[in-house]
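Pasting entry.cif here (mmCIF, C-alpha atoms):
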data_start
loop_
_atom_site.label_atom_id
_atom_site.label_comp_id
_atom_site.auth_asym_id
_atom_site.auth_seq_id
_atom_site.Cartn_x
_atom_site.Cartn_y
_atom_site.Cartn_z
CA ALA A 1 33.97 10.81 -37.37
CA ALA A 2 31.87 9.59 -40.25
CA GLY A 3 28.14 9.53 -39.60
CA VAL A 4 25.14 7.93 -41.21
CA ILE A 5 24.30 9.60 -44.50
CA GLN A 6 20.79 9.82 -45.85
CA SER A 7 19.66 11.08 -49.21
CA PRO A 8 17.79 12.99 -50.23
CA ARG A 9 17.27 15.20 -47.20
CA HIS A 10 13.97 16.50 -48.50
CA LEU A 11 11.56 14.96 -50.98
CA ILE A 12 8.22 16.13 -52.26
CA LYS A 13 6.00 13.65 -54.07
CA GLU A 14 2.40 13.49 -55.17
CA LYS A 15 -0.13 10.89 -54.10
CA ARG A 16 0.27 7.54 -55.84
CA GLU A 17 3.85 8.28 -56.84
CA THR A 18 6.87 6.28 -55.75
CA ALA A 19 9.89 7.32 -53.70
CA THR A 20 13.27 5.82 -52.93
CA LEU A 21 15.21 6.80 -49.84
CA LYS A 22 18.87 5.91 -49.46
CA CYS A 23 20.96 5.25 -46.39
CA TYR A 24 24.73 4.92 -46.15
CA PRO A 25 25.75 3.46 -42.79
CA ILE A 26 28.85 4.29 -40.81
CA PRO A 27 31.85 2.42 -42.29
CA ARG A 28 32.15 -1.15 -40.97
CA HIS A 29 28.60 -1.11 -39.63
CA ASP A 30 26.72 -4.13 -40.94
CA THR A 31 23.25 -3.46 -39.53
CA VAL A 32 20.80 -0.89 -40.85
CA TYR A 33 17.44 0.14 -39.38
CA TRP A 34 14.64 2.29 -40.78
CA TYR A 35 12.29 4.35 -38.64
CA GLN A 36 9.36 6.59 -39.52
CA GLN A 37 8.40 9.65 -37.45
CA GLY A 38 5.13 11.36 -38.26
CA PRO A 39 4.44 14.97 -37.26
CA GLY A 40 4.33 15.27 -33.46
CA GLN A 41 4.83 11.53 -33.04
CA ASP A 42 7.55 9.28 -31.70
CA PRO A 43 9.76 7.27 -34.07
CA GLN A 44 8.31 3.95 -35.22
CA PHE A 45 10.45 1.05 -36.31
CA LEU A 46 9.89 -0.14 -39.86
CA ILE A 47 12.50 -2.74 -40.78
CA SER A 48 16.12 -3.72 -40.25
CA PHE A 49 18.85 -5.63 -42.05
CA TYR A 50 21.89 -7.48 -40.78
CA GLU A 51 24.54 -8.62 -43.22
CA LYS A 52 22.20 -7.95 -46.14
CA MET A 53 19.42 -10.13 -44.75
CA GLN A 54 16.19 -8.83 -43.24
CA SER A 55 16.58 -9.00 -39.49
CA ASP A 56 13.47 -7.48 -37.92
CA LYS A 57 10.19 -6.24 -39.29
CA GLY A 58 8.01 -3.65 -37.63
CA SER A 59 5.03 -1.68 -38.80
CA ILE A 60 6.12 -1.37 -42.41
CA PRO A 61 3.22 -1.10 -44.90
CA ASP A 62 3.06 -3.64 -47.71
CA ARG A 63 3.52 -0.76 -50.13
CA PHE A 64 7.03 -0.28 -48.77
CA SER A 65 10.02 -2.52 -49.38
CA ALA A 66 13.66 -2.27 -48.48
CA GLN A 67 16.93 -4.00 -49.05
CA GLN A 68 20.56 -3.85 -48.04
CA PHE A 69 23.19 -4.05 -50.73
CA SER A 70 26.63 -5.65 -50.85
CA ASP A 71 28.28 -2.37 -49.79
CA TYR A 72 25.87 -2.29 -46.81
CA HIS A 73 23.95 0.74 -47.98
CA SER A 74 20.20 0.39 -47.83
CA GLU A 75 17.26 1.70 -49.81
CA LEU A 76 13.65 2.11 -48.72
CA ASN A 77 11.25 1.94 -51.65
CA MET A 78 7.81 3.41 -51.17
CA SER A 79 5.03 2.98 -53.73
CA SER A 80 1.47 4.28 -54.09
CA LEU A 81 2.30 7.10 -51.73
CA GLU A 82 -0.47 8.37 -49.47
CA LEU A 83 -0.82 11.67 -47.64
CA GLY A 84 -0.24 9.80 -44.38
CA ASP A 85 3.22 8.77 -45.52
CA SER A 86 4.41 12.34 -45.00
CA ALA A 87 6.97 12.00 -42.25
CA LEU A 88 10.61 12.04 -41.31
CA TYR A 89 12.35 8.81 -42.22
CA PHE A 90 15.41 7.99 -40.18
CA CYS A 91 18.03 5.43 -40.94
CA ALA A 92 20.30 4.12 -38.20
CA SER A 93 23.27 1.79 -38.25
CA SER A 94 25.10 -0.33 -35.76
CA SER A 95 27.89 -2.84 -35.62
CA ASP A 96 26.82 -6.49 -35.37
CA ARG A 97 23.31 -5.57 -34.11
CA GLY A 98 24.97 -3.81 -31.21
CA HIS A 99 23.39 -1.80 -28.48
CA GLU A 100 24.34 1.60 -29.88
CA GLN A 101 22.38 2.68 -32.92
CA TYR A 102 23.62 5.76 -34.73
CA PHE A 103 20.95 7.74 -36.50
CA GLY A 104 21.21 9.79 -39.65
CA PRO A 105 19.74 13.27 -40.09
CA GLY A 106 16.60 11.91 -41.71
CA THR A 107 14.75 12.39 -44.98
CA ARG A 108 11.69 14.60 -44.80
CA LEU A 109 9.07 13.22 -47.18
CA THR A 110 6.10 15.37 -48.06
CA VAL A 111 3.26 13.82 -50.03
CA THR A 112 0.86 16.28 -51.64
CA ASP B 1 8.49 -5.65 -25.72
CA ALA B 2 7.93 -4.62 -22.11
CA LYS B 3 6.52 -1.16 -21.62
CA THR B 4 8.10 1.80 -19.92
CA THR B 5 6.50 4.75 -18.18
CA GLN B 6 8.09 8.17 -18.10
CA PRO B 7 6.85 11.61 -17.03
CA ASN B 8 5.65 13.68 -19.96
CA SER B 9 7.89 16.63 -19.12
CA MET B 10 10.50 17.89 -16.71
CA GLU B 11 12.22 21.20 -16.19
CA SER B 12 15.73 21.98 -15.07
CA ASN B 13 18.07 24.90 -14.67
CA GLU B 14 21.40 25.09 -16.39
CA GLU B 15 24.35 23.53 -14.54
CA GLU B 16 22.07 21.64 -12.16
CA PRO B 17 21.79 17.83 -12.07
CA VAL B 18 18.76 16.23 -13.71
CA HIS B 19 17.24 12.90 -12.73
CA LEU B 20 14.96 11.41 -15.37
CA PRO B 21 12.92 8.47 -14.03
CA CYS B 22 11.64 5.45 -15.92
CA ASN B 23 9.38 2.68 -14.63
CA HIS B 24 9.47 -0.74 -16.25
CA SER B 25 7.76 -3.07 -13.81
CA THR B 26 7.31 -5.88 -16.36
CA ILE B 27 10.96 -6.01 -17.41
CA SER B 28 12.29 -9.48 -18.20
CA GLY B 29 15.67 -10.88 -17.28
CA THR B 30 17.03 -10.44 -20.80
CA ASP B 31 15.85 -6.86 -21.30
CA TYR B 32 18.51 -4.19 -21.54
CA ILE B 33 17.56 -0.66 -20.49
CA HIS B 34 18.44 1.88 -23.17
CA TRP B 35 18.23 5.65 -23.17
CA TYR B 36 18.12 7.71 -26.32
CA ARG B 37 17.40 11.38 -26.75
CA GLN B 38 16.13 13.43 -29.63
CA LEU B 39 17.06 17.05 -29.96
CA PRO B 40 14.74 19.30 -31.97
CA SER B 41 14.93 18.63 -35.70
CA GLN B 42 17.50 15.85 -35.30
CA GLY B 43 17.56 12.09 -35.31
CA PRO B 44 17.60 10.17 -32.03
CA GLU B 45 20.95 9.93 -30.27
CA TYR B 46 22.22 7.07 -28.14
CA VAL B 47 22.86 8.08 -24.53
CA ILE B 48 23.53 5.00 -22.44
CA HIS B 49 22.41 1.45 -21.74
CA GLY B 50 22.68 -1.11 -18.97
CA LEU B 51 21.45 -4.49 -17.76
CA THR B 52 21.83 -4.73 -13.99
CA SER B 53 24.66 -2.57 -12.74
CA ASN B 54 24.85 1.20 -12.73
CA VAL B 55 26.64 2.59 -15.76
CA ASN B 56 28.56 5.78 -16.43
CA ASN B 57 29.76 7.33 -19.65
CA ARG B 58 30.79 10.76 -20.82
CA MET B 59 27.20 11.82 -21.40
CA ALA B 60 25.33 10.53 -18.39
CA SER B 61 24.92 7.94 -15.64
CA LEU B 62 22.31 5.22 -15.47
CA ALA B 63 21.13 4.09 -12.07
CA ILE B 64 19.21 0.79 -12.11
CA ALA B 65 17.09 -0.29 -9.17
CA GLU B 66 18.03 -3.56 -7.52
CA ASP B 67 14.79 -5.22 -8.67
CA ARG B 68 15.28 -3.66 -12.14
CA LYS B 69 11.72 -2.36 -12.18
CA SER B 70 12.85 1.21 -12.49
CA SER B 71 15.85 3.21 -13.58
CA THR B 72 17.04 6.81 -13.56
CA LEU B 73 19.04 8.66 -16.16
CA ILE B 74 21.27 11.23 -14.51
CA LEU B 75 22.65 14.25 -16.31
CA HIS B 76 25.21 15.63 -13.92
CA ARG B 77 25.19 19.23 -15.11
CA ALA B 78 22.43 20.19 -17.51
CA THR B 79 23.23 22.53 -20.37
CA LEU B 80 20.90 24.23 -22.80
CA ARG B 81 21.99 21.65 -25.37
CA ASP B 82 20.48 18.89 -23.21
CA ALA B 83 16.95 20.13 -23.92
CA ALA B 84 15.44 17.19 -25.78
CA VAL B 85 12.97 14.33 -25.62
CA TYR B 86 14.48 11.48 -23.61
CA TYR B 87 13.34 7.94 -24.35
CA CYS B 88 13.72 4.99 -22.00
CA ILE B 89 13.54 1.81 -24.09
CA LEU B 90 13.69 -1.86 -23.16
CA ARG B 91 15.40 -4.05 -25.69
CA ASP B 92 15.39 -7.83 -25.40
CA SER B 93 18.83 -9.06 -26.30
CA GLN B 94 17.41 -12.35 -27.51
CA ALA B 95 14.39 -11.22 -29.49
CA GLY B 96 15.73 -8.68 -31.91
CA THR B 97 17.43 -5.42 -32.35
CA ALA B 98 14.78 -2.83 -33.07
CA LEU B 99 14.19 0.12 -30.78
CA ILE B 100 10.54 0.49 -29.85
CA PHE B 101 10.03 4.12 -28.89
CA GLY B 102 7.28 5.00 -26.43
CA LYS B 103 6.32 8.36 -25.03
CA GLY B 104 9.46 9.98 -23.73
CA THR B 105 10.13 12.85 -21.36
CA THR B 106 10.52 16.33 -22.78
CA LEU B 107 13.28 18.03 -20.82
CA SER B 108 13.39 21.82 -20.76
CA VAL B 109 16.53 23.58 -19.54
CA SER B 110 16.49 27.20 -18.48
CA SER B 111 19.47 29.52 -18.18
#
Translate the structure described by the file into structure tokens.
Amino acid sequence: AAGVIQSPRHLIKEKRETATLKCYPIPRHDTVYWYQQGPGQDPQFLISFYEKMQSDKGSIPDRFSAQQFSDYHSELNMSSLELGDSALYFCASSSDRGHEQYFGPGTRLTVT
Amino acid sequence: DAKTTQPNSMESNEEEPVHLPCNHSTISGTDYIHWYRQLPSQGPEYVIHGLTSNVNNRMASLAIAEDRKSSTLILHRATLRDAAVYYCILRDSQAGTALIFGKGTTLSVSS
């Protein structure tokens, strides 16, 4: 079965640079969620989209923005990167904001 | 979101049942109880969810107390692959869709 696809899987950036993470949800899933997991920490919800509209907002820094496109894929844009942004970024998708969220393999971002 | 309390860690032997407890004394009537797990170096994985009645699926069973202030995730026969961090999460069906992860239980399985 098709799963959530995230790209890139690994990304190394320098401080103050920008990064764009991409998420391709499971086919026919209309809801996308972004989570951040720092080293040794639990996942933290950042933001979600349902039918291309922002649905929920969590602890997403103002330096970050995201959107969901007409094909339902989503991009997380991160600017003015800081060392503390180094983390695993997970994307998840679900159908109609359903109970089961399916997570991708994550993008490991390292800021140096 | 209402908070949950789980033990930091638990140990089990392979092929034995595992009962993972979760306390959620401030649960509201519209909160669903969700369980996710995260295997090492992987994204979280949905396990099961329920509202009031006990639930079973191919992965596990969820036993919910009558007053809904606690629940137990039951793995009927633990395997080495079940070693993971297990998260008990309350999700208000009316307030939104995000999963708010707390401190889960790290399950170790020995052969």
Considering only C-alpha atoms, can you say which of A:Pro25, A:Pro105, A:Gly98, A:Gly40 comes closest to Glu75 of chain A?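 That would be A:Pro25, the residue with the smallest distance to Glu75 of chain A.
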When the cut-off is 7 Å and we count all atoms listed in the file, which residues of chain A are near chain B, given as a ChimeraX atom specification? /A:42-45,56,90,97,100-106
Dig up all the protein and nucleic acid residues within 6 Å of (2.8, 4.7, -54.6) in the file frame, using only C-alpha atoms, and format them as a list in words.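 Checked against the point, the hits come out as Arg16, Glu17, Thr18, Ser79, Ser80 and Leu81 of chain A.
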Any chance you could resolve the PyMOL selection byres ((chain A and resi 11) around 8) against this file and give the residues as a list in words? Pro8, Arg9, His10, Ile12, Lys13, Thr107, Arg108, Leu109 and Thr110 of chain A
Residues within 9 Å of Thr31 of chain A, all atoms listed in the file, excluding chain neighbours under 2 positions, as JSON, numbers by chain: {"A": [25, 29, 33, 48, 49, 50, 51, 52, 55, 68, 72, 92, 93, 94, 95, 96, 97, 98]}
Tell me which residues the PyMOL selection byres ((chain B and resi 72) around 9) grabs here, as a ChimeraX atom specification. /B:19-23,61-65,70-71,73-74
To one decimal place in Å, what is the distance between atom CA of Phe64 of chain A and atom CA of Glu14 of chain A? 15.9 Å
At what distance in Å, to one decimal, does atom CA of Gln36 of chain A lie from atom CA of Leu107 of chain B?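 Atom CA of Gln36 of chain A lies at a distance of 22.3 Å from atom CA of Leu107 of chain B.
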One decimal, in Å: what's the spacing between atom CA of Ala83 of chain B and atom CA of Val109 of chain B?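 Computing the Euclidean distance for atom CA of Ala83 of chain B and atom CA of Val109 of chain B yields 5.6 Å.
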Let me make sure I understand: among B:Leu75, B:Ile27, B:Ile89, B:Ala84, which one has the smallest atom-to-atom distance to Asn56 of chain B if we use all atoms listed in the file?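 Of all the options, B:Leu75 lies closest to Asn56 of chain B.
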Chain and number of each residue from the PyMOL selection byres ((chain A and resi 61) around 10), as a list of chain:residue names: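 That selection, the PyMOL selection byres ((chain A and resi 61) around 10), comes back as A:Leu46, A:Gly58, A:Ser59, A:Ile60, A:Asp62, A:Arg63, A:Phe64, A:Ser65, A:Met78, A:Ser79, A:Asp85.
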Give me the residues near His73 of chain A as a ChimeraX atom specification, where near means some atom within 8 Å (using all atoms listed in the file) and where sequence neighbours in that chain fewer than 2 positions away do not count. /A:22-25,32,68-71,75
N, CA and C atoms are what I want for segment 21-42 of chain B; can you complete it accordingly and write them as an mmCIF file, in the frame of the given file?
data_model
loop_
_atom_site.group_PDB
_atom_site.id
_atom_site.type_symbol
_atom_site.label_atom_id
_atom_site.label_comp_id
_atom_site.auth_asym_id
_atom_site.auth_seq_id
_atom_site.Cartn_x
_atom_site.Cartn_y
_atom_site.Cartn_z
ATOM 1 N N PRO B 21 13.334 9.808 -14.456
ATOM 2 C CA PRO B 21 12.920 8.470 -14.030
ATOM 3 C C PRO B 21 12.256 7.673 -15.139
ATOM 4 N N CYS B 22 12.310 6.360 -14.987
ATOM 5 C CA CYS B 22 11.640 5.450 -15.920
ATOM 6 C C CYS B 22 11.175 4.223 -15.135
ATOM 7 N N ASN B 23 9.914 3.884 -15.260
ATOM 8 C CA ASN B 23 9.380 2.680 -14.630
ATOM 9 C C ASN B 23 9.192 1.598 -15.671
ATOM 10 N N HIS B 24 9.628 0.408 -15.340
ATOM 11 C CA HIS B 24 9.470 -0.740 -16.250
ATOM 12 C C HIS B 24 9.237 -1.978 -15.399
ATOM 13 N N SER B 25 8.060 -2.024 -14.802
ATOM 14 C CA SER B 25 7.760 -3.070 -13.810
ATOM 15 C C SER B 25 7.665 -4.464 -14.418
ATOM 16 N N THR B 26 7.450 -4.563 -15.739
ATOM 17 C CA THR B 26 7.310 -5.880 -16.360
ATOM 18 C C THR B 26 8.582 -6.305 -17.097
ATOM 19 N N ILE B 27 9.689 -5.718 -16.739
ATOM 20 C CA ILE B 27 10.960 -6.010 -17.410
ATOM 21 C C ILE B 27 11.317 -7.488 -17.234
ATOM 22 N N SER B 28 11.870 -8.086 -18.281
ATOM 23 C CA SER B 28 12.290 -9.480 -18.200
ATOM 24 C C SER B 28 13.795 -9.546 -17.960
ATOM 25 N N GLY B 29 14.266 -10.723 -17.624
ATOM 26 C CA GLY B 29 15.670 -10.880 -17.280
ATOM 27 C C GLY B 29 16.635 -10.590 -18.413
ATOM 28 N N THR B 30 16.149 -10.675 -19.654
ATOM 29 C CA THR B 30 17.030 -10.440 -20.800
ATOM 30 C C THR B 30 16.862 -9.060 -21.420
ATOM 31 N N ASP B 31 16.060 -8.217 -20.788
ATOM 32 C CA ASP B 31 15.850 -6.860 -21.300
ATOM 33 C C ASP B 31 16.971 -5.929 -20.853
ATOM 34 N N TYR B 32 17.582 -5.265 -21.831
ATOM 35 C CA TYR B 32 18.510 -4.190 -21.540
ATOM 36 C C TYR B 32 17.717 -2.873 -21.462
ATOM 37 N N ILE B 33 18.170 -1.981 -20.623
ATOM 38 C CA ILE B 33 17.560 -0.660 -20.490
ATOM 39 C C ILE B 33 18.395 0.321 -21.316
ATOM 40 N N HIS B 34 17.759 0.934 -22.293
ATOM 41 C CA HIS B 34 18.440 1.880 -23.170
ATOM 42 C C HIS B 34 17.849 3.268 -22.981
ATOM 43 N N TRP B 35 18.692 4.266 -23.133
ATOM 44 C CA TRP B 35 18.230 5.650 -23.170
ATOM 45 C C TRP B 35 18.736 6.303 -24.454
ATOM 46 N N TYR B 36 17.803 6.905 -25.148
ATOM 47 C CA TYR B 36 18.120 7.710 -26.320
ATOM 48 C C TYR B 36 17.500 9.086 -26.104
ATOM 49 N N ARG B 37 18.011 10.072 -26.797
ATOM 50 C CA ARG B 37 17.400 11.380 -26.750
ATOM 51 C C ARG B 37 17.292 11.933 -28.164
ATOM 52 N N GLN B 38 16.328 12.811 -28.331
ATOM 53 C CA GLN B 38 16.130 13.430 -29.630
ATOM 54 C C GLN B 38 16.041 14.938 -29.462
ATOM 55 N N LEU B 39 17.064 15.602 -29.971
ATOM 56 C CA LEU B 39 17.060 17.050 -29.960
ATOM 57 C C LEU B 39 16.149 17.551 -31.075
ATOM 58 N N PRO B 40 15.646 18.768 -30.944
ATOM 59 C CA PRO B 40 14.740 19.300 -31.970
ATOM 60 C C PRO B 40 15.343 19.222 -33.366
ATOM 61 N N SER B 41 14.557 18.710 -34.286
ATOM 62 C CA SER B 41 14.930 18.630 -35.700
ATOM 63 C C SER B 41 16.134 17.722 -35.969
ATOM 64 N N GLN B 42 16.396 16.791 -35.085
ATOM 65 C CA GLN B 42 17.500 15.850 -35.300
ATOM 66 C C GLN B 42 17.023 14.415 -35.109
#
